[in-house]
Amino acid sequence: MKRGGHGLAQGKSGLMVWDIGVRLFHWALVISFALAAYTGFLGPRNWLNLHLIAGITAGALVIFRLVWGWLGSRYARFRSFPLSPAAMQQHITAIIAEYRQARHRLAGPGRVAQPRHHPEAGHNPLGAAMVYALLLVIALTVLTGVVALGGVVKQGPLAFLISFDLGLLIRDLHQVLAIALLCMVGAHLAGVVFESRREKINLAAAMITGRKPIPGAATPEPQLAARPGMAAIVLLVLAAAIIPATIALARLPGRGVPPAALDPVYLKECGACHFAYPPSLAPAAVWISMMAGLDGHFGENAGLDAATATHIRDYLTANAAENWDTRPAHLFRQRDPADPLRITAAPFWQRLHRELPEALFKSPAVGAKGACNACHRDAGTSRFDPQAILVPHTPTSTEARP
């Protein structure tokens, strides 16, 4: 075995450049990103837990990479590939010079001196910039995902703090960042292919084996060994600080989330005939109008004594949609002008259920369009969490994305 120009042992398979920490980070991030992208853009709504697992994993990997960039081996450390606009410009200039040289050779006879190119042992300047950009955008994507989760779905450590409107705005930013990440990953893959051909090194294989065949010798550099013990201590301290705090915050009541328990009088009287809709699914004006017309309640006489009717009306209006900050409470405020009292006629309900076949609602497992609890296991709590969606399988229906 002989020594290469970078102070690392170089055998027949090349220099050991990427340590196990860098390689595990890289491929774990590939898997978590692929899962997050699929569940975020293509997966059904009730796969939200998988999306969250992928996002949490990506966030944890970014934290690990920041620590490993300080305590890893030589080419894992950030100081080995500083962000340098001047070096990036020189790298691009070298690529352009090589391209022009190739054109001269193809254009006609004559020997022109070929620009000398020495492959980088670690990241080249453009690769370094991509590493920093990816880490930054992944971190921002995870953070915006946490904010959106808290505001829109009322879950996670920020559910107690973030309003629905802010969560909705940040969710749009989260989606923009996710699309940007897809573009950056595409650019990264194109760069890997390009540099692999340019350097005549299989860079993807190098990220599996850790070795890069670097020809020639340069000024030797002192080798820096990884410090996994110290890295483990730092990561454990961070985990001990972050995980309990996150769990404690996630247990706080969500901002603007109605109480899970329904009024017992309302539940007894209205739940005796149909699913007792949480009051947050309609504005107060709808509940007042509905309670005023119980004698002709969707073709039925649902009249109540005055005291009971007053009690239920007061409960419904006090807990109507405009008093809460959940996604259903916001979106069910918009009603169909031609049929404002019917929840299943609301534009939001129609949009979410448009792909479900009519046969599903007529099946014994569901029974009616208004039987929310047939598919939403938490419907009675007024949360309607995506993870709680379970569309029954019937011989005449297929599971669709509500």
# chains A, B, ... in the order shown; residues from 1 in each chain; ligands from 1
>>> residues_around(residues="Ala365 (chain A)", least_positions_apart="4", cutoff="9 Å", atoms="only C-alpha atoms", output="PyMOL selection string")
chain A and resi 360-361+374+392-394
>>> write_last_selection(atoms="C-alpha atoms", output="PDB file, in the first residue's frame")
ATOM      1  CA  LEU A 360     -69.482   3.612  -1.090  1.00  0.00           C
ATOM      2  CA  PHE A 361     -71.938   5.940   0.654  1.00  0.00           C
ATOM      3  CA  ALA A 374     -67.620   5.728   9.055  1.00  0.00           C
ATOM      4  CA  PRO A 392     -64.015   1.075   4.331  1.00  0.00           C
ATOM      5  CA  HIS A 393     -63.365  -1.482   1.637  1.00  0.00           C
ATOM      6  CA  THR A 394     -66.477  -2.701  -0.094  1.00  0.00           C
TER       7      THR A 394
END
>>> residues_around(residues="Glu300 (chain A)", least_positions_apart="6", cutoff="12 Å", atoms="only C-alpha atoms", output="list in words")
Cys273, Gly293 and Leu294 of chain A
>>> residues_around(residues="Ala276 (chain A)", least_positions_apart="4", cutoff="9 Å", atoms="only C-alpha atoms", output="MDAnalysis selection string")
chainID A and resid 262 266:272 380
>>> write_last_selection(atoms="N, CA and C atoms", output="tab-separated table (two decimals), in the first residue's frame")
chain	number	residue	atom	x	y	z
A	262	LEU	N	-68.59	16.09	23.29
A	262	LEU	CA	-69.78	16.83	22.90
A	262	LEU	C	-70.73	16.97	24.09
A	266	TYR	N	-77.05	17.36	23.67
A	266	TYR	CA	-76.99	17.38	22.19
A	266	TYR	C	-76.70	15.99	21.65
A	267	LEU	N	-75.75	15.31	22.26
A	267	LEU	CA	-75.38	13.98	21.79
A	267	LEU	C	-76.56	13.01	21.90
A	268	LYS	N	-77.33	13.11	22.98
A	268	LYS	CA	-78.45	12.20	23.17
A	268	LYS	C	-79.58	12.48	22.17
A	269	GLU	N	-79.95	13.75	22.03
A	269	GLU	CA	-81.10	14.09	21.20
A	269	GLU	C	-80.80	13.98	19.70
A	270	CYS	N	-79.69	14.52	19.28
A	270	CYS	CA	-79.37	14.53	17.84
A	270	CYS	C	-78.66	13.25	17.41
A	271	GLY	N	-77.84	12.69	18.31
A	271	GLY	CA	-77.13	11.47	17.97
A	271	GLY	C	-78.02	10.25	17.92
A	272	ALA	N	-79.25	10.37	18.40
A	272	ALA	CA	-80.17	9.23	18.37
A	272	ALA	C	-80.63	8.91	16.95
A	380	GLY	N	-65.98	12.35	15.89
A	380	GLY	CA	-66.71	12.82	17.04
A	380	GLY	C	-65.95	13.84	17.87
>>> residues_around(residues="region 160-174 of chain A", least_positions_apart="5", cutoff="8 Å", atoms="only C-alpha atoms", output="ChimeraX atom specification")
/A:141,144-145,147-152,154,249-250,252-256,325-327
>>> closest_residue(among="A:Val142, A:Asn373, A:Leu341, A:Ala329", to="Phe275 (chain A)", atoms="only C-alpha atoms")
A:Asn373
>>> residues_around(residues="Gly122 (chain A)", least_positions_apart="5", cutoff="10 Å", atoms="only C-alpha atoms", output="list in words")
His6, Val17, Trp18, Arg74, Tyr75, Ala76, Arg77, Ser80, Phe81, Gly127, Ala128 and Lys212 of chain A
>>> residues_around(residues="Ala379 (chain A)", least_positions_apart="4", cutoff="10 Å", atoms="only C-alpha atoms", output="list in words")
Ala260, Phe275, Ala276, Tyr277, Pro278, Ala371, Cys372, Asn373, Ala374, Cys375, Arg383, Phe384, Asp385, Ala388 and Ile389 of chain A
>>> residues_around(residues="Trp287 (chain A)", least_positions_apart="4", cutoff="9 Å", atoms="only C-alpha atoms", output="short mmCIF file (atom, residue, chain, number, x, y, z; two decimals) with N, CA and C atoms, in the first residue's frame")
data_model
loop_
_atom_site.label_atom_id
_atom_site.label_comp_id
_atom_site.auth_asym_id
_atom_site.auth_seq_id
_atom_site.Cartn_x
_atom_site.Cartn_y
_atom_site.Cartn_z
N PRO A 279 -70.16 20.89 16.55
CA PRO A 279 -70.66 22.23 16.22
C PRO A 279 -69.70 23.05 15.36
N ALA A 282 -70.09 24.03 11.30
CA ALA A 282 -71.02 24.97 10.67
C ALA A 282 -70.99 26.28 11.44
N PRO A 283 -71.21 27.40 10.74
CA PRO A 283 -71.26 28.69 11.44
C PRO A 283 -72.54 28.82 12.26
N MET A 291 -82.00 24.99 13.99
CA MET A 291 -82.79 24.79 15.20
C MET A 291 -84.16 25.44 15.10
N ALA A 292 -84.28 26.48 14.27
CA ALA A 292 -85.58 27.14 14.10
C ALA A 292 -86.52 26.33 13.22
N ARG A 313 -79.43 24.81 21.11
CA ARG A 313 -79.10 25.95 20.24
C ARG A 313 -77.99 26.78 20.84
N LEU A 316 -74.69 24.91 20.41
CA LEU A 316 -74.21 24.90 19.02
C LEU A 316 -73.65 26.25 18.61
N THR A 317 -74.33 27.31 18.95
CA THR A 317 -73.85 28.64 18.55
C THR A 317 -72.59 29.05 19.31
N ALA A 320 -69.76 27.15 17.51
CA ALA A 320 -69.85 27.14 16.05
C ALA A 320 -68.49 27.40 15.41
N LEU A 341 -77.86 24.42 4.87
CA LEU A 341 -77.95 23.65 6.09
C LEU A 341 -77.28 22.28 5.99
#
>>> closest_residue(among="A:His91, A:Leu134, A:Ile31, A:Val153", to="Pro328 (chain A)", atoms="only C-alpha atoms")
A:Val153
>>> atom_distance(atom1="CA of Val286 (chain A)", atom2="CA of Ser382 (chain A)")
17.1 Å
>>> atom_distance(atom1="CA of Leu331 (chain A)", atom2="CA of Phe348 (chain A)")
6.1 Å
>>> select_by_dssp(residues="region 152-301 of chain A", states="helix (DSSP H, G or I)", output="JSON, numbers by chain")
{"A": [152, 153, 164, 165, 166, 167, 168, 169, 170, 171, 172, 173, 174, 175, 176, 177, 178, 179, 180, 181, 182, 183, 184, 185, 186, 187, 188, 189, 190, 191, 192, 193, 194, 195, 196, 197, 198, 199, 203, 204, 205, 206, 207, 208, 209, 228, 229, 230, 231, 232, 233, 234, 235, 236, 237, 238, 239, 240, 241, 242, 243, 244, 245, 246, 247, 248, 249, 250, 264, 265, 266, 267, 268, 269, 270, 271, 279, 280, 281, 284, 285, 286, 287, 288, 289, 290, 291, 292, 294, 295, 296]}
>>> atom_distance(atom1="CA of Asp305 (chain A)", atom2="CA of Ile288 (chain A)")
15.8 Å
